[in-house]
file run26.cif (mmCIF, C-alpha atoms)
data_data
#
loop_
_atom_site.label_atom_id
_atom_site.label_comp_id
_atom_site.auth_asym_id
_atom_site.auth_seq_id
_atom_site.Cartn_x
_atom_site.Cartn_y
_atom_site.Cartn_z
CA MET A 1 185.07 -9.95 233.63
CA ASP A 2 188.49 -11.20 234.72
CA THR A 3 191.03 -8.53 235.52
CA LYS A 4 194.47 -8.68 233.98
CA VAL A 5 197.14 -10.43 236.03
CA PRO A 6 200.62 -8.96 236.45
CA SER A 7 202.81 -9.20 233.38
CA ASP A 8 205.37 -11.45 235.08
CA VAL A 9 203.17 -14.52 235.34
CA ASP A 10 206.09 -16.82 236.11
CA ALA A 11 207.00 -14.76 239.17
CA LEU A 12 203.38 -14.75 240.28
CA LYS A 13 203.13 -18.50 239.96
CA GLU A 14 206.34 -18.97 241.88
CA ARG A 15 204.83 -16.88 244.67
CA LEU A 16 201.70 -19.02 244.63
CA ARG A 17 203.76 -22.23 244.59
CA SER A 18 205.77 -20.95 247.57
CA THR A 19 202.55 -20.24 249.44
CA TRP A 20 201.07 -23.69 248.91
CA THR A 21 204.30 -25.54 249.68
CA ALA A 22 204.72 -23.67 252.97
CA GLY A 23 203.70 -25.43 256.15
CA ASP A 24 202.06 -28.81 255.54
CA PHE A 25 198.85 -28.51 253.55
CA GLY A 26 198.30 -32.24 253.90
CA ILE A 27 197.34 -31.63 257.53
CA ILE A 28 194.78 -28.97 256.55
CA ALA A 29 193.50 -31.06 253.63
CA ARG A 30 192.21 -33.62 256.11
CA LEU A 31 189.56 -31.11 257.18
CA VAL A 32 187.89 -31.23 253.75
CA GLU A 33 188.51 -34.89 252.95
CA GLU A 34 184.91 -35.78 253.77
CA ALA A 35 183.57 -33.08 251.43
CA ASN A 36 185.77 -34.35 248.60
CA GLU A 37 184.59 -37.90 249.13
CA GLU A 38 180.95 -36.81 249.12
CA ILE A 39 181.39 -34.98 245.80
CA VAL A 40 183.06 -38.00 244.23
CA ALA A 41 180.32 -40.28 245.57
CA ARG A 42 177.68 -38.22 243.73
CA LEU A 43 179.41 -38.77 240.37
CA ASP A 44 178.68 -41.64 238.02
CA ILE A 45 182.16 -43.14 238.17
CA LYS A 46 182.43 -46.59 236.63
CA ARG A 47 185.38 -48.93 236.31
CA GLY A 48 187.69 -47.62 233.62
CA THR A 49 186.39 -44.03 233.69
CA LYS A 50 189.30 -41.77 232.75
CA VAL A 51 189.56 -39.09 235.44
CA LEU A 52 191.84 -36.07 235.72
CA ASP A 53 192.11 -34.37 239.11
CA VAL A 54 193.42 -30.83 238.54
CA ALA A 55 195.19 -29.15 241.47
CA CYS A 56 194.81 -32.49 243.19
CA GLY A 57 196.67 -31.58 246.39
CA THR A 58 197.29 -34.68 248.48
CA GLY A 59 194.74 -36.81 246.61
CA ASN A 60 191.48 -36.14 248.43
CA SER A 61 189.46 -36.61 245.21
CA ALA A 62 191.82 -38.82 243.21
CA ILE A 63 191.91 -41.57 245.84
CA PRO A 64 188.14 -42.09 246.24
CA ALA A 65 187.75 -41.96 242.45
CA ALA A 66 190.38 -44.67 242.05
CA LYS A 67 188.69 -46.78 244.72
CA ARG A 68 185.63 -46.79 242.44
CA GLY A 69 187.69 -48.29 239.65
CA ALA A 70 188.53 -45.12 237.72
CA ASP A 71 191.74 -44.66 235.76
CA VAL A 72 193.00 -41.57 237.58
CA THR A 73 195.66 -38.96 236.89
CA GLY A 74 196.34 -36.12 239.33
CA VAL A 75 198.29 -32.92 238.73
CA ASP A 76 199.33 -30.14 241.10
CA ILE A 77 201.70 -27.18 241.05
CA ALA A 78 203.21 -28.11 244.44
CA ALA A 79 205.77 -30.94 244.36
CA ASN A 80 205.47 -31.68 248.08
CA LEU A 81 201.73 -32.28 247.76
CA ILE A 82 202.30 -34.62 244.82
CA GLU A 83 204.72 -36.65 246.96
CA GLN A 84 202.13 -36.91 249.74
CA ALA A 85 199.47 -37.96 247.23
CA ARG A 86 201.73 -40.70 245.86
CA ALA A 87 202.42 -41.97 249.37
CA ARG A 88 198.71 -42.03 250.23
CA ALA A 89 197.86 -43.90 247.03
CA LYS A 90 200.61 -46.45 247.70
CA ASP A 91 199.37 -46.99 251.25
CA ALA A 92 195.87 -47.57 249.86
CA GLY A 93 197.15 -50.04 247.25
CA LEU A 94 195.99 -47.83 244.37
CA GLN A 95 197.62 -47.19 241.00
CA ILE A 96 197.26 -43.43 240.39
CA ARG A 97 199.51 -41.27 238.22
CA PHE A 98 200.50 -38.08 240.03
CA GLU A 99 202.66 -35.41 238.41
CA GLU A 100 203.47 -31.75 238.68
CA GLY A 101 201.26 -29.69 236.41
CA ASP A 102 199.73 -26.29 235.80
CA ALA A 103 195.95 -25.89 235.69
CA GLU A 104 196.41 -23.14 233.09
CA ARG A 105 198.54 -25.31 230.79
CA LEU A 106 197.68 -28.98 231.11
CA SER A 107 200.03 -31.40 229.36
CA PHE A 108 197.33 -33.71 228.00
CA PRO A 109 195.74 -34.14 224.57
CA ASP A 110 192.34 -32.72 223.69
CA SER A 111 189.35 -34.79 224.87
CA ALA A 112 191.58 -37.16 226.86
CA PHE A 113 189.32 -37.61 229.92
CA ASP A 114 185.75 -38.62 230.68
CA LEU A 115 185.71 -36.64 233.91
CA VAL A 116 187.77 -33.65 235.00
CA ILE A 117 187.65 -32.78 238.72
CA SER A 118 189.02 -29.84 240.69
CA ILE A 119 187.87 -29.54 244.29
CA PHE A 120 189.14 -26.47 246.17
CA GLY A 121 192.06 -26.43 243.76
CA ALA A 122 192.05 -24.80 240.31
CA MET A 123 190.03 -21.91 241.74
CA PHE A 124 193.37 -20.57 243.07
CA ALA A 125 195.10 -20.38 239.66
CA PRO A 126 195.66 -16.72 238.69
CA ARG A 127 194.05 -16.75 235.22
CA PRO A 128 190.56 -18.26 235.50
CA ASP A 129 189.70 -17.94 231.81
CA LEU A 130 192.68 -20.16 230.97
CA VAL A 131 191.62 -22.63 233.65
CA ALA A 132 188.10 -22.87 232.21
CA SER A 133 189.50 -23.28 228.71
CA GLU A 134 191.88 -26.04 229.75
CA LEU A 135 189.26 -27.96 231.74
CA LYS A 136 187.03 -27.95 228.66
CA ARG A 137 189.86 -28.82 226.28
CA VAL A 138 190.96 -32.02 228.02
CA CYS A 139 187.39 -33.21 228.68
CA ARG A 140 185.78 -35.31 225.95
CA PRO A 141 182.48 -34.22 224.37
CA GLY A 142 179.70 -35.45 226.65
CA GLY A 143 182.11 -35.72 229.57
CA LYS A 144 181.82 -33.75 232.78
CA MET A 145 183.85 -31.12 234.59
CA VAL A 146 183.26 -30.92 238.33
CA MET A 147 184.51 -28.20 240.63
CA GLY A 148 184.10 -27.44 244.32
CA ASN A 149 184.73 -23.73 244.96
CA TRP A 150 184.55 -21.73 248.18
CA THR A 151 181.86 -19.05 248.03
CA PRO A 152 182.62 -15.40 248.83
CA GLY A 153 180.14 -15.35 251.72
CA GLY A 154 181.07 -18.68 253.29
CA PHE A 155 183.55 -19.20 256.11
CA ALA A 156 186.53 -20.00 253.87
CA GLY A 157 185.73 -17.01 251.67
CA LYS A 158 185.69 -14.76 254.73
CA MET A 159 188.98 -16.22 255.92
CA PHE A 160 190.71 -15.49 252.62
CA ARG A 161 189.23 -11.98 252.59
CA LEU A 162 190.54 -11.37 256.11
CA GLY A 163 194.04 -12.41 255.08
CA GLY A 164 193.81 -10.04 252.11
CA GLN A 165 193.06 -7.15 254.46
CA TYR A 166 196.45 -7.66 256.11
CA VAL A 167 198.56 -8.66 253.11
CA ALA A 168 197.29 -7.51 249.73
CA PRO A 169 196.89 -10.24 247.12
CA PRO A 170 198.82 -9.92 243.83
CA GLN A 171 197.66 -6.79 242.01
CA GLY A 172 195.14 -7.47 239.28
CA MET A 173 194.62 -11.15 240.11
CA ALA A 174 190.96 -12.14 240.09
CA PRO A 175 189.81 -13.20 243.60
CA PRO A 176 189.75 -17.03 243.73
CA VAL A 177 186.36 -17.01 245.47
CA GLN A 178 184.78 -15.57 242.30
CA TRP A 179 184.68 -19.22 241.27
CA GLY A 180 182.05 -19.59 244.02
CA ASP A 181 179.75 -17.03 242.37
CA GLU A 182 177.15 -18.61 240.06
CA ALA A 183 177.04 -15.64 237.67
CA VAL A 184 180.82 -15.67 237.25
CA VAL A 185 180.88 -19.43 236.63
CA ARG A 186 178.17 -19.08 233.97
CA GLU A 187 180.27 -16.46 232.23
CA ARG A 188 183.44 -18.55 232.36
CA PHE A 189 181.59 -21.62 231.06
CA ARG A 190 179.46 -19.72 228.57
CA GLU A 191 180.95 -21.57 225.56
CA GLY A 192 181.39 -25.26 224.82
CA ILE A 193 179.01 -26.44 227.56
CA SER A 194 175.72 -28.28 226.96
CA ASP A 195 174.58 -28.36 230.60
CA LEU A 196 175.64 -26.47 233.72
CA ARG A 197 174.38 -27.27 237.19
CA MET A 198 175.42 -25.51 240.39
CA THR A 199 174.53 -26.41 243.96
CA ARG A 200 175.55 -24.71 247.19
CA ARG A 201 176.79 -27.23 249.71
CA ILE A 202 178.49 -27.31 253.11
CA ALA A 203 181.89 -28.64 254.13
CA ILE A 204 182.38 -29.23 257.85
CA PHE A 205 185.72 -28.48 259.53
CA ARG A 206 186.32 -30.39 262.76
CA LEU A 207 189.28 -29.98 265.10
CA PRO A 208 189.74 -31.35 268.63
CA PHE A 209 190.59 -27.99 270.20
CA GLY A 210 189.22 -24.46 270.47
CA GLU A 211 189.58 -21.27 268.48
CA ALA A 212 192.93 -20.03 269.79
CA GLU A 213 194.57 -23.40 269.18
CA THR A 214 192.94 -23.54 265.75
CA VAL A 215 194.58 -20.25 264.77
CA GLU A 216 197.99 -21.66 265.74
CA HIS A 217 197.18 -24.87 263.86
CA TYR A 218 196.51 -22.88 260.69
CA ARG A 219 199.54 -20.68 261.30
CA LYS A 220 201.76 -23.76 261.45
CA TYR A 221 200.29 -25.84 258.62
CA PHE A 222 198.25 -23.69 256.20
CA GLY A 223 200.49 -21.92 253.69
CA PRO A 224 198.35 -18.79 253.10
CA THR A 225 197.96 -18.19 256.85
CA LEU A 226 201.62 -18.95 257.56
CA ARG A 227 202.79 -16.53 254.84
CA THR A 228 200.47 -13.79 256.09
CA PHE A 229 201.88 -14.04 259.61
CA GLU A 230 205.43 -14.00 258.21
CA ALA A 231 204.76 -10.80 256.27
CA LEU A 232 203.53 -8.85 259.32
CA ASP A 233 205.35 -7.08 262.13
CA SER A 234 204.63 -7.93 265.76
CA LYS A 235 201.69 -5.55 266.03
CA GLY A 236 200.20 -6.79 262.79
CA ARG A 237 200.57 -10.44 263.83
CA ASP A 238 198.74 -9.76 267.08
CA ALA A 239 195.92 -7.99 265.27
CA PHE A 240 195.63 -10.71 262.61
CA ARG A 241 195.65 -13.42 265.26
CA GLY A 242 192.85 -11.69 267.15
CA ASP A 243 190.70 -11.17 264.05
CA LEU A 244 191.23 -14.75 262.92
CA GLU A 245 190.32 -16.13 266.33
CA ALA A 246 187.19 -13.96 266.34
CA LEU A 247 186.22 -15.32 262.91
CA PHE A 248 186.58 -18.91 264.12
CA SER A 249 184.60 -18.05 267.26
CA GLU A 250 181.82 -16.47 265.24
CA HIS A 251 181.38 -19.60 263.13
CA ASN A 252 182.14 -22.30 265.70
CA ARG A 253 179.09 -24.49 266.31
CA ALA A 254 180.75 -26.71 268.94
CA THR A 255 180.01 -26.14 272.62
CA ASP A 256 182.50 -28.57 274.16
CA GLY A 257 185.78 -26.71 273.65
CA THR A 258 186.41 -28.19 270.21
CA LEU A 259 185.84 -26.69 266.76
CA LEU A 260 183.04 -27.38 264.29
CA VAL A 261 182.73 -24.87 261.47
CA GLU A 262 180.45 -25.05 258.44
CA SER A 263 181.90 -23.58 255.24
CA GLU A 264 179.78 -23.07 252.15
CA PHE A 265 181.06 -24.04 248.72
CA LEU A 266 179.62 -24.13 245.21
CA GLU A 267 179.51 -27.52 243.51
CA VAL A 268 179.76 -27.03 239.74
CA VAL A 269 178.91 -29.81 237.28
CA ALA A 270 179.41 -28.80 233.63
CA THR A 271 178.86 -31.12 230.65
CA ARG A 272 181.09 -30.62 227.65
CA ALA A 273 179.15 -29.98 224.43
#

call {"tool": "encode", "arguments": {"input": "run26.cif", "output": "structure tokens"}}
result
Amino acid sequence: MDTKVPSDVDALKERLRSTWTAGDFGIIARLVEEANEEIVARLDIKRGTKVLDVACGTGNSAIPAAKRGADVTGVDIAANLIEQARARAKDAGLQIRFEEGDAERLSFPDSAFDLVISIFGAMFAPRPDLVASELKRVCRPGGKMVMGNWTPGGFAGKMFRLGGQYVAPPQGMAPPVQWGDEAVVRERFREGISDLRMTRRIAIFRLPFGEAETVEHYRKYFGPTLRTFEALDSKGRDAFRGDLEALFSEHNRATDGTLLVESEFLEVVATRA
């Protein structure tokens, strides 16, 4: 099901790392902080639960898990996001281990964690079969793997598709939003899983300004949007800006000059056999 990625995987990953370290993703991550916290709140996290947050970003899932008494480790490919996560944990008075790491090659023993989380994170790794294999490997039998993945038809999925119309994604790389397709997830978790539950949910993006300002906000802070603008000439930037503003306008539910957008995602809860 997954297409073959380019042969130079290291170069591809460096490109992805460059994308996610561009701008300041910590600013954008605030938009989905509430969704992360809601996912964590639905989990049966007890004091001492060993949790791994894969592609943890700035700690949106790791921090609420630690507040519930979990023993949390977070890994991410982007060093600047790890530094922000450490600073947030310190400010909250929490002891969380954060380190650079690759979702396709986790540096932990087999069955090391009770709960493995990846919310809007590991879905962007280029080789999804390896991601699925690694999530299962480091999760203990009877433990759970929980993902939050943008769906192809939701707002975030449409936004990534729009960017891909202007700057082609790496050739052969499986679209990240396939992780938001139930049939694809079942295929990727077809082995080593005793129970698989999937629920479509909504994340709400709120910003205190309108669509045009939102486009500039994303252009400044969101790596994928920033890199797309950088890759275009003047005419292309104007066209992309217009299409992006139209997309925000189409989905904006606010009527007071601010922004309120609902973005669908797939919550995946898989139990390791």

call {"tool": "closest_atom_pairs", "arguments": {"input": "run26.cif", "of": "region 134-208 of chain A", "to": "region 242-265 of chain A", "cutoff": "8 Å", "atoms": "all atoms listed in the file", "output": "JSON lines"}}
result
{"residue": "A:Gly148", "atom": "CA", "partner": "A:Phe265", "partner_atom": "CA", "distance": 6.3}
{"residue": "A:Asn149", "atom": "CA", "partner": "A:Phe265", "partner_atom": "CA", "distance": 5.3}
{"residue": "A:Trp150", "atom": "CA", "partner": "A:Phe265", "partner_atom": "CA", "distance": 4.2}
{"residue": "A:Thr151", "atom": "CA", "partner": "A:Phe265", "partner_atom": "CA", "distance": 5.1}
{"residue": "A:Gly153", "atom": "CA", "partner": "A:Glu264", "partner_atom": "CA", "distance": 7.7}
{"residue": "A:Gly154", "atom": "CA", "partner": "A:Glu264", "partner_atom": "CA", "distance": 4.7}
{"residue": "A:Phe155", "atom": "CA", "partner": "A:Ser263", "partner_atom": "CA", "distance": 4.8}
{"residue": "A:Ala156", "atom": "CA", "partner": "A:Ser263", "partner_atom": "CA", "distance": 6.0}
{"residue": "A:Met159", "atom": "CA", "partner": "A:Leu244", "partner_atom": "CA", "distance": 7.5}
{"residue": "A:Leu162", "atom": "CA", "partner": "A:Leu244", "partner_atom": "CA", "distance": 7.6}
{"residue": "A:Gly180", "atom": "CA", "partner": "A:Phe265", "partner_atom": "CA", "distance": 6.5}
{"residue": "A:Arg200", "atom": "CA", "partner": "A:Phe265", "partner_atom": "CA", "distance": 5.8}
{"residue": "A:Arg201", "atom": "CA", "partner": "A:Phe265", "partner_atom": "CA", "distance": 5.4}
{"residue": "A:Ile202", "atom": "CA", "partner": "A:Glu264", "partner_atom": "CA", "distance": 4.5}
{"residue": "A:Ala203", "atom": "CA", "partner": "A:Ser263", "partner_atom": "CA", "distance": 5.2}
{"residue": "A:Ile204", "atom": "CA", "partner": "A:Glu262", "partner_atom": "CA", "distance": 4.6}
{"residue": "A:Phe205", "atom": "CA", "partner": "A:Val261", "partner_atom": "CA", "distance": 5.1}
{"residue": "A:Arg206", "atom": "CA", "partner": "A:Leu260", "partner_atom": "CA", "distance": 4.7}
{"residue": "A:Leu207", "atom": "CA", "partner": "A:Leu259", "partner_atom": "CA", "distance": 5.0}
{"residue": "A:Pro208", "atom": "CA", "partner": "A:Thr258", "partner_atom": "CA", "distance": 4.9}

call {"tool": "resolve_selection", "arguments": {"input": "run26.cif", "expression": "the PyMOL selection byres ((chain A and resi 178) around 10)", "output": "list in words"}}
result
Asp2, Met123, Phe124, Pro128, Asn149, Trp150, Thr151, Pro152, Gly157, Ala174, Pro175, Pro176, Val177, Trp179, Gly180, Asp181, Glu182, Ala183, Val184 and Val185 of chain A

call {"tool": "axis_aligned_box", "arguments": {"input": "run26.cif", "around": "region 53-69 of chain A", "padding_each_side": "3 Å", "output": "JSON"}}
result
{"center_x": 191.5, "center_y": -38.7, "center_z": 243.5, "size_x": 17.7, "size_y": 25.1, "size_z": 15.9}

call {"tool": "closest_residue", "arguments": {"input": "run26.cif", "among": "A:Phe189, A:Phe229, A:Tyr221, A:Phe25", "to": "Ser133 (chain A)", "atoms": "all atoms listed in the file"}}
result
A:Phe189

call {"tool": "closest_atom_pairs", "arguments": {"input": "run26.cif", "of": "region 119-211 of chain A", "to": "region 80-102 of chain A", "cutoff": "10 Å", "atoms": "only C-alpha atoms", "output": "tab-separated table"}}
result
residue	atom	partner	partner_atom	distance
A:Ala122	CA	A:Asp102	CA	9.0
A:Ala125	CA	A:Asp102	CA	8.4
A:Val131	CA	A:Asp102	CA	9.2
A:Glu134	CA	A:Asp102	CA	9.9

call {"tool": "write_last_selection", "arguments": {"input": "run26.cif", "atoms": "C-alpha atoms", "output": "mmCIF file, in the coordinates of the input"}}
result
data_model
loop_
_atom_site.group_PDB
_atom_site.id
_atom_site.type_symbol
_atom_site.label_atom_id
_atom_site.label_comp_id
_atom_site.auth_asym_id
_atom_site.auth_seq_id
_atom_site.Cartn_x
_atom_site.Cartn_y
_atom_site.Cartn_z
ATOM 1 C CA ALA A 122 192.050 -24.800 240.310
ATOM 2 C CA ALA A 125 195.100 -20.380 239.660
ATOM 3 C CA VAL A 131 191.620 -22.630 233.650
ATOM 4 C CA GLU A 134 191.880 -26.040 229.750
#

call {"tool": "closest_residue", "arguments": {"input": "run26.cif", "among": "A:Ala132, A:Gly69, A:Pro141, A:Arg47", "to": "Asp110 (chain A)", "atoms": "all atoms listed in the file"}}
result
A:Pro141

call {"tool": "closest_residue", "arguments": {"input": "run26.cif", "among": "A:Pro64, A:Gly192, A:Pro109, A:Gly23", "to": "Lys144 (chain A)", "atoms": "only C-alpha atoms"}}
result
A:Gly192

call {"tool": "residues_around", "arguments": {"input": "run26.cif", "residues": "Ala70 (chain A)", "least_positions_apart": "3", "cutoff": "6 Å", "atoms": "only C-alpha atoms", "output": "list in words"}}
result
Arg47, Gly48, Thr49, Ala65 and Ala66 of chain A

call {"tool": "closest_residue", "arguments": {"input": "run26.cif", "among": "A:Ala231, A:Ala62, A:Leu31, A:Leu16", "to": "Lys50 (chain A)", "atoms": "only C-alpha atoms"}}
result
A:Ala62

call {"tool": "atom_distance", "arguments": {"input": "run26.cif", "atom1": "CA of Ser18 (chain A)", "atom2": "CA of Cys56 (chain A)"}}
result
16.5 Å

call {"tool": "atom_distance", "arguments": {"input": "run26.cif", "atom1": "CA of Ala41 (chain A)", "atom2": "CA of Cys139 (chain A)"}}
result
19.6 Å

call {"tool": "closest_residue", "arguments": {"input": "run26.cif", "among": "A:Ala79, A:Ala212, A:Leu43, A:Ala273", "to": "Ala22 (chain A)", "atoms": "only C-alpha atoms"}}
result
A:Ala79

call {"tool": "atom_distance", "arguments": {"input": "run26.cif", "atom1": "CA of Ala35 (chain A)", "atom2": "CA of Lys158 (chain A)"}}
result
18.7 Å

call {"tool": "closest_residue", "arguments": {"input": "run26.cif", "among": "A:Arg190, A:Arg68, A:Lys136, A:Arg227", "to": "Leu106 (chain A)", "atoms": "only C-alpha atoms"}}
result
A:Lys136

call {"tool": "build_atoms", "arguments": {"input": "run26.cif", "residues": "region 145-176 of chain A", "atoms": "N, CA and C atoms", "output": "PDB file, in the coordinates of the input"}}
result
ATOM      1  N   MET A 145     182.877 -31.846 233.795  1.00  0.00           N
ATOM      2  CA  MET A 145     183.850 -31.120 234.590  1.00  0.00           C
ATOM      3  C   MET A 145     183.193 -30.767 235.912  1.00  0.00           C
ATOM      4  N   VAL A 146     183.842 -31.112 236.997  1.00  0.00           N
ATOM      5  CA  VAL A 146     183.260 -30.920 238.330  1.00  0.00           C
ATOM      6  C   VAL A 146     184.220 -30.112 239.180  1.00  0.00           C
ATOM      7  N   MET A 147     183.710 -29.033 239.751  1.00  0.00           N
ATOM      8  CA  MET A 147     184.510 -28.200 240.630  1.00  0.00           C
ATOM      9  C   MET A 147     183.803 -28.035 241.980  1.00  0.00           C
ATOM     10  N   GLY A 148     184.601 -27.874 243.023  1.00  0.00           N
ATOM     11  CA  GLY A 148     184.100 -27.440 244.320  1.00  0.00           C
ATOM     12  C   GLY A 148     184.835 -26.151 244.650  1.00  0.00           C
ATOM     13  N   ASN A 149     184.110 -25.044 244.809  1.00  0.00           N
ATOM     14  CA  ASN A 149     184.730 -23.730 244.960  1.00  0.00           C
ATOM     15  C   ASN A 149     184.152 -23.001 246.169  1.00  0.00           C
ATOM     16  N   TRP A 150     185.014 -22.490 247.020  1.00  0.00           N
ATOM     17  CA  TRP A 150     184.550 -21.730 248.180  1.00  0.00           C
ATOM     18  C   TRP A 150     183.786 -20.499 247.719  1.00  0.00           C
ATOM     19  N   THR A 151     182.661 -20.224 248.383  1.00  0.00           N
ATOM     20  CA  THR A 151     181.860 -19.050 248.030  1.00  0.00           C
ATOM     21  C   THR A 151     182.382 -17.814 248.755  1.00  0.00           C
ATOM     22  N   PRO A 152     182.142 -16.635 248.185  1.00  0.00           N
ATOM     23  CA  PRO A 152     182.620 -15.400 248.830  1.00  0.00           C
ATOM     24  C   PRO A 152     182.050 -15.198 250.226  1.00  0.00           C
ATOM     25  N   GLY A 153     180.782 -15.605 250.442  1.00  0.00           N
ATOM     26  CA  GLY A 153     180.140 -15.350 251.720  1.00  0.00           C
ATOM     27  C   GLY A 153     180.273 -16.453 252.744  1.00  0.00           C
ATOM     28  N   GLY A 154     180.884 -17.577 252.360  1.00  0.00           N
ATOM     29  CA  GLY A 154     181.070 -18.680 253.290  1.00  0.00           C
ATOM     30  C   GLY A 154     182.275 -18.458 254.193  1.00  0.00           C
ATOM     31  N   PHE A 155     182.468 -19.370 255.141  1.00  0.00           N
ATOM     32  CA  PHE A 155     183.550 -19.200 256.110  1.00  0.00           C
ATOM     33  C   PHE A 155     184.913 -19.101 255.422  1.00  0.00           C
ATOM     34  N   ALA A 156     185.219 -20.027 254.523  1.00  0.00           N
ATOM     35  CA  ALA A 156     186.530 -20.000 253.870  1.00  0.00           C
ATOM     36  C   ALA A 156     186.720 -18.716 253.078  1.00  0.00           C
ATOM     37  N   GLY A 157     185.654 -18.275 252.405  1.00  0.00           N
ATOM     38  CA  GLY A 157     185.730 -17.010 251.670  1.00  0.00           C
ATOM     39  C   GLY A 157     186.045 -15.851 252.591  1.00  0.00           C
ATOM     40  N   LYS A 158     185.423 -15.822 253.759  1.00  0.00           N
ATOM     41  CA  LYS A 158     185.690 -14.760 254.730  1.00  0.00           C
ATOM     42  C   LYS A 158     187.121 -14.837 255.259  1.00  0.00           C
ATOM     43  N   MET A 159     187.627 -16.054 255.421  1.00  0.00           N
ATOM     44  CA  MET A 159     188.980 -16.220 255.920  1.00  0.00           C
ATOM     45  C   MET A 159     190.004 -15.693 254.919  1.00  0.00           C
ATOM     46  N   PHE A 160     189.791 -16.002 253.643  1.00  0.00           N
ATOM     47  CA  PHE A 160     190.710 -15.490 252.620  1.00  0.00           C
ATOM     48  C   PHE A 160     190.607 -13.967 252.514  1.00  0.00           C
ATOM     49  N   ARG A 161     189.390 -13.435 252.653  1.00  0.00           N
ATOM     50  CA  ARG A 161     189.230 -11.980 252.590  1.00  0.00           C
ATOM     51  C   ARG A 161     189.931 -11.311 253.766  1.00  0.00           C
ATOM     52  N   LEU A 162     189.859 -11.918 254.939  1.00  0.00           N
ATOM     53  CA  LEU A 162     190.540 -11.370 256.110  1.00  0.00           C
ATOM     54  C   LEU A 162     192.048 -11.322 255.884  1.00  0.00           C
ATOM     55  N   GLY A 163     192.611 -12.403 255.364  1.00  0.00           N
ATOM     56  CA  GLY A 163     194.040 -12.410 255.080  1.00  0.00           C
ATOM     57  C   GLY A 163     194.423 -11.318 254.097  1.00  0.00           C
ATOM     58  N   GLY A 164     193.550 -11.076 253.100  1.00  0.00           N
ATOM     59  CA  GLY A 164     193.810 -10.040 252.110  1.00  0.00           C
ATOM     60  C   GLY A 164     193.761  -8.635 252.674  1.00  0.00           C
ATOM     61  N   GLN A 165     193.100  -8.470 253.823  1.00  0.00           N
ATOM     62  CA  GLN A 165     193.060  -7.150 254.460  1.00  0.00           C
ATOM     63  C   GLN A 165     194.395  -6.830 255.141  1.00  0.00           C
ATOM     64  N   TYR A 166     195.157  -7.867 255.460  1.00  0.00           N
ATOM     65  CA  TYR A 166     196.450  -7.660 256.110  1.00  0.00           C
ATOM     66  C   TYR A 166     197.613  -7.693 255.128  1.00  0.00           C
ATOM     67  N   VAL A 167     197.532  -8.581 254.145  1.00  0.00           N
ATOM     68  CA  VAL A 167     198.560  -8.660 253.110  1.00  0.00           C
ATOM     69  C   VAL A 167     197.842  -8.682 251.765  1.00  0.00           C
ATOM     70  N   ALA A 168     198.022  -7.642 250.981  1.00  0.00           N
ATOM     71  CA  ALA A 168     197.290  -7.510 249.730  1.00  0.00           C
ATOM     72  C   ALA A 168     197.628  -8.645 248.774  1.00  0.00           C
ATOM     73  N   PRO A 169     196.625  -9.211 248.124  1.00  0.00           N
ATOM     74  CA  PRO A 169     196.890 -10.240 247.120  1.00  0.00           C
ATOM     75  C   PRO A 169     197.591  -9.634 245.919  1.00  0.00           C
ATOM     76  N   PRO A 170     198.150 -10.457 245.015  1.00  0.00           N
ATOM     77  CA  PRO A 170     198.820  -9.920 243.830  1.00  0.00           C
ATOM     78  C   PRO A 170     197.918  -8.961 243.065  1.00  0.00           C
ATOM     79  N   GLN A 171     198.442  -7.826 242.693  1.00  0.00           N
ATOM     80  CA  GLN A 171     197.660  -6.790 242.010  1.00  0.00           C
ATOM     81  C   GLN A 171     197.092  -7.319 240.706  1.00  0.00           C
ATOM     82  N   GLY A 172     195.793  -7.107 240.520  1.00  0.00           N
ATOM     83  CA  GLY A 172     195.140  -7.470 239.280  1.00  0.00           C
ATOM     84  C   GLY A 172     194.652  -8.902 239.200  1.00  0.00           C
ATOM     85  N   MET A 173     195.043  -9.751 240.140  1.00  0.00           N
ATOM     86  CA  MET A 173     194.620 -11.150 240.110  1.00  0.00           C
ATOM     87  C   MET A 173     193.164 -11.263 240.549  1.00  0.00           C
ATOM     88  N   ALA A 174     192.367 -11.963 239.755  1.00  0.00           N
ATOM     89  CA  ALA A 174     190.960 -12.140 240.090  1.00  0.00           C
ATOM     90  C   ALA A 174     190.832 -12.909 241.407  1.00  0.00           C
ATOM     91  N   PRO A 175     189.975 -12.483 242.337  1.00  0.00           N
ATOM     92  CA  PRO A 175     189.810 -13.200 243.600  1.00  0.00           C
ATOM     93  C   PRO A 175     189.403 -14.654 243.355  1.00  0.00           C
ATOM     94  N   PRO A 176     190.108 -15.626 243.944  1.00  0.00           N
ATOM     95  CA  PRO A 176     189.750 -17.030 243.730  1.00  0.00           C
ATOM     96  C   PRO A 176     188.299 -17.354 244.048  1.00  0.00           C
TER      97      PRO A 176
END
